[in-house]
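The structure appears right after this line, and notes come after that.
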Number of protein chains: 4
Amino acid sequence: MKPLIIGGTSAQVLAHKVARELKLESTKTEFKKFPDGEKYVRILADVEGKEVVFIQSMYKTPDEYLFEYFLVVDTLKDLGAKKVAGVIPYFSYSRQDDRFKPGEAISFKTVAKLIENVGTDEIITIDLHLHRVEVLSRVFKIPSKNITVMPFLARYVKENLNLEDLIVIGPDEEAEKWAKTVAEELKTDFDILEKERISPTEVVIQPKKLNIRGLNVLIIDDIISTGGTIIKTIEVLKKEGAQRIIVVCAHPLLINNALPKIYDAGAEMVIGTDTIPSQVSVVGSAPAITKVC
Amino acid sequence: MKPLIIGGTSAQVLAHKVARELKLESTKTEFKKFPDGEKYVRILADVEGKEVVFIQSMYKTPDEYLFEYFLVVDTLKDLGAKKVAGVIPYFSYSRQDDRFKPGEAISFKTVAKLIENVGTDEIITIDLHLHRVEVLSRVFKIPSKNITVMPFLARYVKENLNLEDLIVIGPDEEAEKWAKTVAEELKTDFDILEKERISPTEVVIQPKKLNIRGLNVLIIDDIISTGGTIIKTIEVLKKEGAQRIIVVCAHPLLINNALPKIYDAGAEMVIGTDTIPSQVSVVGSAPAITKVC
Amino acid sequence: MKPLIIGGTSAQVLAHKVARELKLESTKTEFKKFPDGEKYVRILADVEGKEVVFIQSMYKTPDEYLFEYFLVVDTLKDLGAKKVAGVIPYFSYSRQDDRFKPGEAISFKTVAKLIENVGTDEIITIDLHLHRVEVLSRVFKIPSKNITVMPFLARYVKENLNLEDLIVIGPDEEAEKWAKTVAEELKTDFDILEKERISPTEVVIQPKKLNIRGLNVLIIDDIISTGGTIIKTIEVLKKEGAQRIIVVCAHPLLINNALPKIYDAGAEMVIGTDTIPSQVSVVGSAPAITKVC
Amino acid sequence: MKPLIIGGTSAQVLAHKVARELKLESTKTEFKKFPDGEKYVRILADVEGKEVVFIQSMYKTPDEYLFEYFLVVDTLKDLGAKKVAGVIPYFSYSRQDDRFKPGEAISFKTVAKLIENVGTDEIITIDLHLHRVEVLSRVFKIPSKNITVMPFLARYVKENLNLEDLIVIGPDEEAEKWAKTVAEELKTDFDILEKERISPTEVVIQPKKLNIRGLNVLIIDDIISTGGTIIKTIEVLKKEGAQRIIVVCAHPLLINNALPKIYDAGAEMVIGTDTIPSQVSVVGSAPAITKVC
């Protein structure tokens, strides 16, 4: 039995694309925001006994999208839905996964707990950056999957850009697995940047293994937030003699004017997916989502 | 044992006033909003084994204040607080207390459920307008109280305005109880407006019992939202020959430019409480809150 | 002599692209917004005696972008720039070009006057929808040009979509010129929708000349705002038997959740330019701008 | 001949109060904001040949209020108003009155120039903090007045607070004139805080002349923005042995959560005027404005 696909206000276009890939109608809904800030939610489909996939991302106004998530899932279960899978393309609050100072909220845990309490049966995230938590099942008691859009980003680059003498670079160790995935798809080499302390006052950042002089570089990271990491990476790569520099990421959050700063630094192009709709979201995450629906 | 008093970002000034009335220090906290919209919460006090009163209102950006409420209460219980009483001076989402059309979210229920699930032990609201729900205990399973600021509004009027030949008017039947409370405190008469259908096409709105010609009028209501009801009431009262018109309410939500419209209609003054901080919030709700802390 | 290219906060990425097309560095600037809402502007280049092209669009927060425009141009002239050409990819306030009711502001005139008063020497707009004003020179006394991105939209469709049996449709008479331009580039037919009153109570909307049954349709318009016109057009075209429906526009304003509503109505794809950066802005306006720089 | 009083969206309530003090009707207007962010302005009165006072403040969203100012004044002159006096209770952009670094916008000058260019005949500000500009006539070529609400603040304190053993303190030398004015009205002493460098690494901040131990203190300043200066002042005064601490200002801007921070620091009460409507705006600026209308 095919599921019903529903998109929240953060992901309605994405929900359309997922439904179309699955040859389904996307389910009609009614969302309103009143002048006093209250939200209104209505599901315009019979969900009784059905399996539902609810897609809601959490960029820019995470608290509003989260609360809408709670409203929708609580309503779906109240209306008799048999199973609700929550797809959260961009998941916020994952950084605060511990109490670093006394008295701090461990927001990641609170969010996970509320998602479960409203009746979510399964949770699916996309390239969720887990920091100190090793696996999603340490945070969620319900079944959980963390899927990836990295191969789709690689395929887009292969089909649309004509890049020879290419190397894939991850800005740090955490990005190594993504650099590897993308490099394999592009049948090319990869490396990461590494900090080396050469004296008590001096640190050198440079590629770990390879000489990149004269090469075209694809920088890959999971999230571009304020762009600080990417800009630093571009500066290093230019000093090392890189030719063209293309930046690729899963989640183009792009806050505090990150995009023009990255161009200022020397990027030729920035490419992201639609887990966060933006002007660089040219790669669709729908194919990754449909695989697990 | 005296409780700890904590205010959320919607009610930090109010929490200070409550603490001062109780001769307590208000508890220090740290609240931040990151550029990506995520909130950070930290409680700077030892709450283990303590009773805590957490004050958080829900005006303008109810979803953000609600999510902060969840974060704070979940954290307080996680830190070992013995009991958390949630004081919600202005409670949003109470209008959507039923499924009026198929598929609608019953938001009031979802909000109440989440407030309970994060660990709230008792809930205190102020002049919460219950529509189709008769008592708060139909919505909350935890102990609940709905307190009132109406006597404090009346006292402010008595002490600060010099109004003779005064009558208190409620805009409709639902406001009768507030009109009665305020009139008793002011030792004067009260009435409400009533619609009478005098022909299939004609409706007359007028005071139910009394002649108000030449009198000064105090209009009392619980919430002023867009101001529509108040403006209609002022128009009726002016036609009936009212002298000075003063408007008083518990919750000055004042959206869509309500305040200048009410002045345009003919009000001389608008007075509200600080359940929603605004330029007309001259009456404090702290004395009402301290009574039940 | 090549001009300096500067982008305001609404168009910094676009300015980069224009500069790159012209083989120029884009000029560095510093823009800040203080917590009290005040803006800070600094030009990090020697502009004395230079010709400057300043690019600033006016979507979403037109008053903020306009005021920044005034600050930048006034500063450029104060710093000795020889000539400042203002490029305004999306120009707001053009609808209010007359006093329709007594006492109304004629906002278009006020905006034009202020743009001139701060020292703009030439103004360039893109597919600006002139309503009751026939030519831009009726509003601006300084030299003005209204350029078009329509051929670039057509070329994108030709190169990226594989659409046979295609017809181009304009939603109304005002869109006929764009439908014609795009159809010529695509070497295919075009038509517009027309309202016909067939009885005092009945209006029929249908293509003016052609039968579109079984054809793929490209709907073309200048602006998609709330999407109302496009949605109505899609409904007519579906009733008339259209196959695939693609929507194309210059300015994807997309307010009030327009995009998911257009998909709901039956569009397969929505395509716009980067005069307004959005998730559908896959066509660049830089090549159109560079032609006149 | 009495002028027409018009309030912009930042100051409609204040305009009502000014009109009432002058026994005038305030002039009706229509202000709208469309979903695309454009503003609509309509003046619902015959202004031909009339003198008009237009009141518009510039807090929080200064660019929107400024642009509305331009629209209204340009329209008033276009409709034949004989004279337009602009009253700007809180005037933003006065800090950037010079080019501190090469390439900076001198925003104060640009704002003044645009205010003149749209046709303002006279400009009236309230306790405008002039930094490096000595008099307003250095910035405005049109007649200008900078009036004060300080005596009204003092009178409010005298009539509503029962403060004996009172001293008035200005946080720094710039505040001395206000401390003097307020102290005279309250018939009490005043002083300011002064920094003294007692060693290369140590600075002491303390009252310049007087011992404040055991006294109640009224801190007076023109603007409270983030509250930093006030909080530092409170800390010094507490160390010096102050009893009760009351904070008074003309413009309660109160950004970045300033108000609870000031209470946290030890203030008992914060009092401001309605040049910026806020929860502490208990003192009206209308009486100061009516004196010059």
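Ordering of the structure tokens sets the chain letters (A, B, ...), residue numbers begin anew at 1 in every chain, and ligands are numbered from 1 in the order given.
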
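For chain A, the residues close to chain B, meaning within 6 Å and counting only C-alpha atoms, are Asp36, Gly37, Val41, Arg42, Ile43, Lys60, Thr61, Asp63, Glu64, Thr75, Gly103, Glu104 and Ala105 of chain A.
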
Would you put the residues from that selection into a file with all heavy atoms, as an mmCIF file, in the first residue's frame?
```
data_model
loop_
_atom_site.group_PDB
_atom_site.id
_atom_site.type_symbol
_atom_site.label_atom_id
_atom_site.label_comp_id
_atom_site.auth_asym_id
_atom_site.auth_seq_id
_atom_site.Cartn_x
_atom_site.Cartn_y
_atom_site.Cartn_z
ATOM 1 N N ASP A 36 -2.557 37.093 15.095
ATOM 2 C CA ASP A 36 -1.990 37.012 16.451
ATOM 3 C C ASP A 36 -0.876 35.979 16.534
ATOM 4 O O ASP A 36 -0.363 35.706 17.616
ATOM 5 C CB ASP A 36 -3.085 36.712 17.484
ATOM 6 C CG ASP A 36 -3.795 35.394 17.232
ATOM 7 O OD1 ASP A 36 -3.407 34.666 16.292
ATOM 8 O OD2 ASP A 36 -4.740 35.070 17.973
ATOM 9 N N GLY A 37 -0.482 35.386 15.398
ATOM 10 C CA GLY A 37 0.640 34.464 15.373
ATOM 11 C C GLY A 37 0.249 32.996 15.513
ATOM 12 O O GLY A 37 1.081 32.117 15.318
ATOM 13 N N VAL A 41 -4.191 24.363 11.236
ATOM 14 C CA VAL A 41 -3.815 23.202 10.440
ATOM 15 C C VAL A 41 -5.060 22.379 10.122
ATOM 16 O O VAL A 41 -5.882 22.128 11.006
ATOM 17 C CB VAL A 41 -2.813 22.330 11.247
ATOM 18 C CG1 VAL A 41 -2.723 20.922 10.670
ATOM 19 C CG2 VAL A 41 -1.432 22.971 11.262
ATOM 20 N N ARG A 42 -5.201 21.983 8.867
ATOM 21 C CA ARG A 42 -6.295 21.082 8.507
ATOM 22 C C ARG A 42 -5.820 20.098 7.444
ATOM 23 O O ARG A 42 -5.191 20.477 6.460
ATOM 24 C CB ARG A 42 -7.489 21.890 7.972
ATOM 25 C CG ARG A 42 -8.714 21.040 7.749
ATOM 26 C CD ARG A 42 -9.890 21.881 7.292
ATOM 27 N NE ARG A 42 -11.008 21.003 6.946
ATOM 28 C CZ ARG A 42 -11.986 21.313 6.104
ATOM 29 N NH1 ARG A 42 -11.992 22.506 5.533
ATOM 30 N NH2 ARG A 42 -12.939 20.446 5.836
ATOM 31 N N ILE A 43 -6.117 18.820 7.672
ATOM 32 C CA ILE A 43 -5.734 17.751 6.738
ATOM 33 C C ILE A 43 -6.950 17.427 5.876
ATOM 34 O O ILE A 43 -7.981 17.009 6.395
ATOM 35 C CB ILE A 43 -5.314 16.474 7.510
ATOM 36 C CG1 ILE A 43 -4.287 16.794 8.607
ATOM 37 C CG2 ILE A 43 -4.813 15.394 6.553
ATOM 38 C CD1 ILE A 43 -2.987 17.368 8.121
ATOM 39 N N LYS A 60 15.531 28.369 9.480
ATOM 40 C CA LYS A 60 15.124 29.767 9.711
ATOM 41 C C LYS A 60 14.219 29.984 10.921
ATOM 42 O O LYS A 60 14.532 30.753 11.804
ATOM 43 C CB LYS A 60 14.429 30.342 8.468
ATOM 44 C CG LYS A 60 15.404 30.918 7.483
ATOM 45 C CD LYS A 60 14.651 31.624 6.375
ATOM 46 C CE LYS A 60 15.586 31.947 5.220
ATOM 47 N NZ LYS A 60 14.886 32.196 3.984
ATOM 48 N N THR A 61 13.027 29.358 10.944
ATOM 49 C CA THR A 61 12.117 29.511 12.078
ATOM 50 C C THR A 61 11.830 28.130 12.656
ATOM 51 O O THR A 61 10.706 27.655 12.599
ATOM 52 C CB THR A 61 10.794 30.171 11.634
ATOM 53 O OG1 THR A 61 10.275 29.396 10.532
ATOM 54 C CG2 THR A 61 10.993 31.596 11.179
ATOM 55 N N ASP A 63 11.350 26.836 15.529
ATOM 56 C CA ASP A 63 10.321 26.629 16.547
ATOM 57 C C ASP A 63 8.926 26.615 15.932
ATOM 58 O O ASP A 63 8.067 25.820 16.330
ATOM 59 C CB ASP A 63 10.397 27.723 17.620
ATOM 60 C CG ASP A 63 11.755 27.763 18.296
ATOM 61 O OD1 ASP A 63 12.617 26.925 17.960
ATOM 62 O OD2 ASP A 63 11.963 28.631 19.158
ATOM 63 N N GLU A 64 8.702 27.466 14.944
ATOM 64 C CA GLU A 64 7.394 27.477 14.281
ATOM 65 C C GLU A 64 7.166 26.178 13.504
ATOM 66 O O GLU A 64 6.092 25.607 13.531
ATOM 67 C CB GLU A 64 7.279 28.669 13.330
ATOM 68 C CG GLU A 64 7.241 29.997 14.058
ATOM 69 C CD GLU A 64 6.923 31.153 13.112
ATOM 70 O OE1 GLU A 64 5.845 31.156 12.500
ATOM 71 O OE2 GLU A 64 7.774 32.054 12.977
ATOM 72 N N THR A 75 -2.596 15.469 15.139
ATOM 73 C CA THR A 75 -3.884 15.436 14.443
ATOM 74 C C THR A 75 -4.015 14.169 13.597
ATOM 75 O O THR A 75 -5.061 13.526 13.589
ATOM 76 C CB THR A 75 -4.035 16.700 13.561
ATOM 77 O OG1 THR A 75 -3.910 17.847 14.404
ATOM 78 C CG2 THR A 75 -5.367 16.737 12.852
ATOM 79 N N GLY A 103 23.224 23.524 34.023
ATOM 80 C CA GLY A 103 21.971 24.248 33.853
ATOM 81 C C GLY A 103 21.501 24.395 32.419
ATOM 82 O O GLY A 103 20.403 24.891 32.164
ATOM 83 N N GLU A 104 22.309 23.980 31.453
ATOM 84 C CA GLU A 104 21.902 24.108 30.055
ATOM 85 C C GLU A 104 20.807 23.116 29.676
ATOM 86 O O GLU A 104 20.799 21.973 30.143
ATOM 87 C CB GLU A 104 23.101 23.850 29.129
ATOM 88 C CG GLU A 104 24.070 25.009 29.031
ATOM 89 C CD GLU A 104 25.161 24.753 27.999
ATOM 90 O OE1 GLU A 104 25.323 23.582 27.572
ATOM 91 O OE2 GLU A 104 25.835 25.707 27.625
ATOM 92 N N ALA A 105 19.927 23.571 28.800
ATOM 93 C CA ALA A 105 18.973 22.659 28.177
ATOM 94 C C ALA A 105 19.712 21.776 27.184
ATOM 95 O O ALA A 105 20.595 22.255 26.477
ATOM 96 C CB ALA A 105 17.893 23.455 27.448
#
```

Item checked: Who sits within 12 Å of Ala286 of chain D, only C-alpha atoms, same chain under 4 positions skipped, as a PyMOL selection string -> chain D and resi 5+11-22+55+87+89+126+147-149+152+273-275+282+290-293

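Going from atom CA of Glu185 of chain D to atom CA of Leu128 of chain D covers 20.7 Å.
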
Notebook entry, point to check: Can you list, as a ChimeraX atom specification, every residue of segment 202-253 of chain D that DSSP puts in alpha helix (DSSP H)?
Noted result: /D:228-239

Go ahead and save the picked residues with N, CA, C and O atoms, as an mmCIF file, in the first residue's frame.
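Contents of again_20.cif, freshly written:
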```cif
data_model
loop_
_atom_site.group_PDB
_atom_site.id
_atom_site.type_symbol
_atom_site.label_atom_id
_atom_site.label_comp_id
_atom_site.auth_asym_id
_atom_site.auth_seq_id
_atom_site.Cartn_x
_atom_site.Cartn_y
_atom_site.Cartn_z
ATOM 1 N N GLY D 228 23.559 48.892 28.373
ATOM 2 C CA GLY D 228 24.907 48.725 28.914
ATOM 3 C C GLY D 228 25.343 49.836 29.857
ATOM 4 O O GLY D 228 25.824 49.574 30.971
ATOM 5 N N THR D 229 25.176 51.076 29.436
ATOM 6 C CA THR D 229 25.578 52.221 30.260
ATOM 7 C C THR D 229 24.804 52.254 31.578
ATOM 8 O O THR D 229 25.386 52.495 32.651
ATOM 9 N N ILE D 230 23.536 52.019 31.502
ATOM 10 C CA ILE D 230 22.690 52.076 32.704
ATOM 11 C C ILE D 230 23.090 50.980 33.690
ATOM 12 O O ILE D 230 23.178 51.203 34.900
ATOM 13 N N ILE D 231 23.359 49.779 33.169
ATOM 14 C CA ILE D 231 23.711 48.653 34.036
ATOM 15 C C ILE D 231 25.033 48.928 34.756
ATOM 16 O O ILE D 231 25.157 48.718 35.958
ATOM 17 N N LYS D 232 26.006 49.440 34.011
ATOM 18 C CA LYS D 232 27.293 49.811 34.617
ATOM 19 C C LYS D 232 27.056 50.882 35.700
ATOM 20 O O LYS D 232 27.631 50.817 36.795
ATOM 21 N N THR D 233 26.226 51.861 35.407
ATOM 22 C CA THR D 233 25.922 52.930 36.363
ATOM 23 C C THR D 233 25.288 52.364 37.640
ATOM 24 O O THR D 233 25.653 52.746 38.758
ATOM 25 N N ILE D 234 24.356 51.452 37.466
ATOM 26 C CA ILE D 234 23.691 50.846 38.627
ATOM 27 C C ILE D 234 24.721 50.121 39.495
ATOM 28 O O ILE D 234 24.715 50.223 40.729
ATOM 29 N N GLU D 235 25.631 49.395 38.833
ATOM 30 C CA GLU D 235 26.651 48.651 39.592
ATOM 31 C C GLU D 235 27.520 49.595 40.424
ATOM 32 O O GLU D 235 27.803 49.324 41.595
ATOM 33 N N VAL D 236 27.938 50.713 39.818
ATOM 34 C CA VAL D 236 28.735 51.697 40.558
ATOM 35 C C VAL D 236 27.946 52.240 41.743
ATOM 36 O O VAL D 236 28.436 52.306 42.875
ATOM 37 N N LEU D 237 26.694 52.594 41.492
ATOM 38 C CA LEU D 237 25.884 53.235 42.534
ATOM 39 C C LEU D 237 25.616 52.286 43.700
ATOM 40 O O LEU D 237 25.587 52.694 44.864
ATOM 41 N N LYS D 238 25.430 51.010 43.392
ATOM 42 C CA LYS D 238 25.215 50.038 44.471
ATOM 43 C C LYS D 238 26.472 49.910 45.327
ATOM 44 O O LYS D 238 26.388 49.840 46.554
ATOM 45 N N LYS D 239 27.623 49.890 44.642
ATOM 46 C CA LYS D 239 28.884 49.794 45.379
ATOM 47 C C LYS D 239 29.089 51.020 46.269
ATOM 48 O O LYS D 239 29.673 50.932 47.356
#
```

Notebook entry, point to check: Among segment 124-245 of chain C, which ones does DSSP place in strand (DSSP E or B), written as a PyMOL selection string?
Noted result: chain C and resi 124-126+144-147+166-170+189-199+202-207+216-224+245

Next item on the list: Enter the distance from atom CA of Arg197 of chain C to atom CA of Leu130 of chain C, in Å, rounded to one decimal.
Entry: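 Distance reported for this atom pair: 27.0 Å.
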
Note to self: What's the separation between atom CA of His131 of chain B and atom CA of Ser94 of chain B, in Å to one decimal place?
What the structure shows: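 Rounded to one decimal, the two atoms are 7.6 Å apart.
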
Next item on the list: Extract, using only C-alpha atoms, all DNA, RNA and protein residues at most 8 Å from Gln279 of chain C, discarding same-chain residues fewer than 2 positions from it, and format them as a PyMOL selection string.
Entry: (chain A and resi 274+277-282) or (chain C and resi 277+281-282)

Next item on the list: Find the residues around Val133 of chain A up to 10 Å (only C-alpha atoms counted), leave out those fewer than 3 positions away in its own chain, and share them as a ChimeraX atom specification.
Entry: /A:94-95,97-98,129-130,136-139

Margin query: Taking 2 positions as the minimum chain separation for residues in the same chain, which residues sit within 7 Å of Val182 of chain C when counting only C-alpha atoms? Answer as a list in words.
Written below: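 The residues satisfying every condition are Met150, Pro151, Ala154, Trp178, Ala179, Lys180, Glu184, Glu185 and Leu186 of chain C.
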